[in-house]
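Reproduced below: my_file-v2.tsv, with TSV, C-alpha atoms.
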```
chain	number	residue	atom	x	y	z
A	1	MET	CA	-45.03	-48.41	17.03
A	2	ARG	CA	-44.49	-47.94	13.50
A	3	ARG	CA	-45.39	-44.81	11.63
A	4	ASN	CA	-47.41	-45.06	8.56
A	5	ARG	CA	-45.91	-43.34	5.66
A	6	LYS	CA	-48.33	-42.06	3.21
A	7	THR	CA	-47.14	-41.39	-0.24
A	8	TYR	CA	-48.76	-38.56	-1.96
A	9	GLY	CA	-48.75	-37.86	-5.64
A	10	ASP	CA	-45.95	-36.18	-7.52
A	11	ASP	CA	-44.37	-33.32	-5.52
A	12	ASP	CA	-43.53	-31.33	-8.64
A	13	ALA	CA	-45.94	-28.45	-9.00
A	14	ASP	CA	-46.71	-27.37	-12.54
A	15	VAL	CA	-46.53	-23.63	-13.11
A	16	ASP	CA	-48.65	-22.20	-15.86
A	17	MET	CA	-46.29	-20.10	-18.02
A	18	THR	CA	-48.98	-18.72	-20.32
A	19	PRO	CA	-49.60	-15.44	-18.41
A	20	MET	CA	-45.85	-14.74	-18.23
A	21	LEU	CA	-45.46	-15.31	-21.97
A	22	ASP	CA	-48.41	-13.00	-22.62
A	23	ILE	CA	-46.73	-10.26	-20.58
A	24	VAL	CA	-43.40	-10.77	-22.36
A	25	PHE	CA	-45.02	-10.50	-25.80
A	26	ILE	CA	-46.99	-7.41	-24.77
A	27	MET	CA	-43.78	-5.76	-23.53
A	28	LEU	CA	-41.98	-6.73	-26.73
A	29	ILE	CA	-44.71	-5.18	-28.86
A	30	PHE	CA	-44.71	-2.05	-26.68
A	31	PHE	CA	-40.95	-1.55	-27.05
A	32	ILE	CA	-41.05	-2.12	-30.80
A	33	VAL	CA	-43.87	0.39	-31.24
A	34	THR	CA	-42.33	3.09	-29.04
A	35	ALA	CA	-38.75	2.72	-30.30
A	36	THR	CA	-37.26	5.59	-32.27
A	37	PHE	CA	-35.00	4.68	-35.11
A	38	LEU	CA	-32.15	6.94	-36.13
A	39	ASP	CA	-31.89	8.10	-39.68
A	40	GLU	CA	-28.14	8.05	-40.10
A	41	ARG	CA	-26.81	9.84	-43.10
A	42	GLY	CA	-23.43	9.22	-44.61
A	43	ILE	CA	-20.93	11.76	-45.81
A	44	ASP	CA	-21.07	12.57	-49.50
A	45	MET	CA	-17.63	11.60	-50.74
A	46	SER	CA	-18.16	12.48	-54.38
A	47	GLN	CA	-15.93	15.22	-55.76
A	48	PRO	CA	-17.52	18.48	-56.82
A	49	PRO	CA	-17.65	19.11	-60.55
A	50	PRO	CA	-14.76	21.09	-62.01
A	51	PRO	CA	-15.39	24.80	-62.60
A	52	PRO	CA	-16.38	25.80	-66.11
A	53	GLU	CA	-13.42	26.69	-68.29
A	54	ASN	CA	-14.93	29.94	-69.55
A	55	GLN	CA	-15.34	31.34	-66.04
A	56	PRO	CA	-12.46	33.59	-64.96
A	57	GLU	CA	-10.66	32.58	-61.79
A	58	SER	CA	-11.79	34.60	-58.79
A	59	LYS	CA	-9.16	36.14	-56.59
A	60	PRO	CA	-9.24	35.21	-52.93
A	61	LYS	CA	-10.56	37.87	-50.60
A	62	PRO	CA	-7.90	39.96	-48.90
A	63	ALA	CA	-7.29	39.35	-45.21
A	64	ILE	CA	-6.37	41.54	-42.28
A	65	THR	CA	-4.28	39.55	-39.84
A	66	ILE	CA	-4.08	40.50	-36.18
A	67	TYR	CA	-1.38	38.69	-34.26
A	68	VAL	CA	-1.08	38.55	-30.46
A	69	ASP	CA	2.19	37.01	-29.28
A	70	GLU	CA	3.05	35.26	-26.02
A	71	GLN	CA	4.03	38.58	-24.34
A	72	ASN	CA	0.59	40.07	-25.21
A	73	PHE	CA	1.95	42.43	-27.88
A	74	CYS	CA	-0.37	43.05	-30.82
A	75	SER	CA	0.39	43.64	-34.47
A	76	VAL	CA	-1.94	44.32	-37.39
A	77	ASP	CA	-0.71	43.15	-40.80
A	78	GLY	CA	2.86	43.03	-39.48
A	79	ARG	CA	2.83	46.52	-37.94
A	80	SER	CA	2.95	46.65	-34.15
A	81	SER	CA	0.05	48.40	-32.50
A	82	GLU	CA	-1.34	48.95	-29.02
A	83	CYS	CA	-3.88	46.22	-28.29
A	84	GLY	CA	-6.49	48.84	-27.38
A	85	ASP	CA	-6.00	50.58	-30.76
A	86	VAL	CA	-6.35	47.42	-32.84
A	87	PRO	CA	-10.09	47.88	-33.67
A	88	VAL	CA	-9.51	51.43	-34.87
A	89	THR	CA	-6.54	50.30	-36.98
A	90	VAL	CA	-8.63	47.50	-38.47
A	91	GLU	CA	-11.44	49.91	-39.34
A	92	GLY	CA	-8.91	52.08	-41.16
A	93	LEU	CA	-7.66	49.08	-43.12
A	94	LEU	CA	-11.24	48.04	-43.91
A	95	SER	CA	-11.82	51.39	-45.59
A	96	ASP	CA	-9.03	50.43	-48.03
A	97	LYS	CA	-10.10	46.77	-48.34
A	98	PRO	CA	-13.87	46.67	-47.67
A	99	ASP	CA	-14.31	42.94	-48.36
A	100	ALA	CA	-11.36	41.78	-46.25
A	101	ASN	CA	-11.58	38.90	-43.82
A	102	ILE	CA	-10.33	39.49	-40.28
A	103	ILE	CA	-8.11	36.78	-38.83
A	104	LEU	CA	-7.22	36.84	-35.14
A	105	ARG	CA	-4.04	34.80	-34.63
A	106	VAL	CA	-3.38	34.42	-30.91
A	107	HIS	CA	-0.47	32.63	-29.29
A	108	GLU	CA	-1.46	29.91	-26.86
A	109	ALA	CA	0.37	31.64	-23.96
A	110	ALA	CA	-1.32	35.03	-24.54
A	111	ARG	CA	-3.85	36.34	-22.02
A	112	HIS	CA	-7.30	34.94	-22.63
A	113	GLY	CA	-8.93	38.22	-21.62
A	114	LEU	CA	-7.14	40.05	-24.44
A	115	LEU	CA	-8.57	37.65	-27.03
A	116	VAL	CA	-12.06	37.99	-25.54
A	117	ASN	CA	-11.86	41.82	-25.52
A	118	LEU	CA	-10.74	41.95	-29.16
A	119	LYS	CA	-13.39	39.46	-30.28
A	120	ASP	CA	-16.15	41.29	-28.36
A	121	THR	CA	-15.09	44.64	-29.83
A	122	PHE	CA	-15.17	43.26	-33.37
A	123	ASP	CA	-18.56	41.64	-32.74
A	124	GLU	CA	-19.97	44.92	-31.43
A	125	ARG	CA	-18.87	46.62	-34.65
A	126	ASN	CA	-20.37	43.81	-36.80
A	127	MET	CA	-16.99	42.63	-38.04
A	128	THR	CA	-16.81	38.89	-38.55
A	129	THR	CA	-13.57	37.35	-37.36
A	130	VAL	CA	-11.86	33.99	-37.51
A	131	ILE	CA	-9.83	32.96	-34.47
A	132	GLU	CA	-6.70	30.87	-34.85
A	133	ILE	CA	-4.80	29.65	-31.78
A	134	ILE	CA	-1.09	29.23	-32.42
A	135	ARG	CA	0.62	26.42	-30.55
A	136	PRO	CA	4.42	26.35	-30.41
A	137	ASN	CA	6.12	23.35	-31.95
A	138	ILE	CA	7.39	21.05	-29.26
```
Final structure tokens representation of the file:
Amino acid sequence: MRRNRKTYGDDDADVDMTPMLDIVFIMLIFFIVTATFLDERGIDMSQPPPPPENQPESKPKPAITIYVDEQNFCSVDGRSSECGDVPVTVEGLLSDKPDANIILRVHEAARHGLLVNLKDTFDERNMTTVIEIIRPNI
């Protein structure tokens, strides 16, 4: 007995791609509309204008330097002082130089708590300070 083979039409099924393309274009439009674009600004590299020649040169503001070395010893303007007495010493120097800047120079190996205590004390007394960490040359 022989089997009858029936041949059917083409086995390739056609898939309608139109709905998928519609979805892709809708998603593309959605992402374009909702995208945020960064406004990147460059650095102004132009030099500032020179100062007028008839203006007298201003003197730099005086500075009060507090140094804390690696053994946690403090000095104010080169004079050694107890670290707890530094704010009082600085207030005395500020009476002589009222516009002076306060610079805290702290060695990298000094106790962190000492730096924090000094900075907090100056902040409580409304004295602005600049902190400089000194790293030894290796």
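If only C-alpha atoms are the atoms counted, then among A:Ala109, A:Ile26, A:Val116, A:Phe122 the closest residue to A:Thr89 is A:Phe122.
Of note, atom CA of A:Ala63 and atom CA of A:Ala100 are spaced 4.9 Å apart.
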* Asked: Expressed in Å to a single decimal, how great is the separation between atom CA of A:Ser80 and atom CA of A:Ile134?
  ->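 Atom CA of A:Ile134 lies at a distance of 18.0 Å from atom CA of A:Ser80.
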A:Glu91: which residues within 12 Å, counting all atoms listed in the file, same-chain residues fewer than 5 positions away excluded, as a PDB file with C-alpha atoms, in the coordinates of the input?
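Output (part.pdb):
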```pdb
ATOM      1  CA  ILE A  64      -6.370  41.540 -42.280  1.00  0.00           C
ATOM      2  CA  VAL A  76      -1.940  44.320 -37.390  1.00  0.00           C
ATOM      3  CA  ASP A  85      -6.000  50.580 -30.760  1.00  0.00           C
ATOM      4  CA  VAL A  86      -6.350  47.420 -32.840  1.00  0.00           C
ATOM      5  CA  ASP A  96      -9.030  50.430 -48.030  1.00  0.00           C
ATOM      6  CA  LYS A  97     -10.100  46.770 -48.340  1.00  0.00           C
ATOM      7  CA  PRO A  98     -13.870  46.670 -47.670  1.00  0.00           C
ATOM      8  CA  ASP A  99     -14.310  42.940 -48.360  1.00  0.00           C
ATOM      9  CA  ALA A 100     -11.360  41.780 -46.250  1.00  0.00           C
ATOM     10  CA  ASN A 101     -11.580  38.900 -43.820  1.00  0.00           C
ATOM     11  CA  ILE A 102     -10.330  39.490 -40.280  1.00  0.00           C
ATOM     12  CA  THR A 121     -15.090  44.640 -29.830  1.00  0.00           C
ATOM     13  CA  PHE A 122     -15.170  43.260 -33.370  1.00  0.00           C
ATOM     14  CA  ARG A 125     -18.870  46.620 -34.650  1.00  0.00           C
ATOM     15  CA  ASN A 126     -20.370  43.810 -36.800  1.00  0.00           C
ATOM     16  CA  MET A 127     -16.990  42.630 -38.040  1.00  0.00           C
TER      17      MET A 127
END
```
* Coordinates-based distance that separates atom CA of A:Lys61 from atom CA of A:Leu114 (Å, one decimal) ->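 Atom-to-atom, atom CA of A:Leu114 to atom CA of A:Lys61, that is 26.5 Å.
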Please provide as a PDB file with C-alpha atoms, in the coordinates of the input all residues within 9 Å of A:Lys119, with the sequence filter that same-chain residues fewer than 4 positions apart are discarded (counting all atoms listed in the file).
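Contents of out-v3.pdb, as written:
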```
ATOM      1  CA  LEU A 104      -7.220  36.840 -35.140  1.00  0.00           C
ATOM      2  CA  LEU A 114      -7.140  40.050 -24.440  1.00  0.00           C
ATOM      3  CA  LEU A 115      -8.570  37.650 -27.030  1.00  0.00           C
ATOM      4  CA  ASP A 123     -18.560  41.640 -32.740  1.00  0.00           C
ATOM      5  CA  GLU A 124     -19.970  44.920 -31.430  1.00  0.00           C
ATOM      6  CA  THR A 128     -16.810  38.890 -38.550  1.00  0.00           C
ATOM      7  CA  THR A 129     -13.570  37.350 -37.360  1.00  0.00           C
ATOM      8  CA  ILE A 131      -9.830  32.960 -34.470  1.00  0.00           C
TER       9      ILE A 131
END
```
* To do: Go through A:Leu118, A:Ile133, A:Val88, A:Ile66 one by one, measure the shortest atom-to-atom distance of each to A:Ile103 using all atoms listed in the file, and give the residue with the smallest value.
  =>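 Once distances to A:Ile103 are computed over all atoms listed in the file, the minimum belongs to A:Ile66.
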* **Nearest-residue call for A:Glu82, choices A:Val68, A:Ala110, A:Ile23, A:Leu94, using only C-alpha atoms** =>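 Result for the nearest residue to A:Glu82: A:Val68.
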* Which is closest to A:Asp120 among A:Gly92, A:Pro50, A:Pro87, A:Gly42, if we use only C-alpha atoms? ->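 Among the listed residues, A:Pro87 lies closest to A:Asp120.
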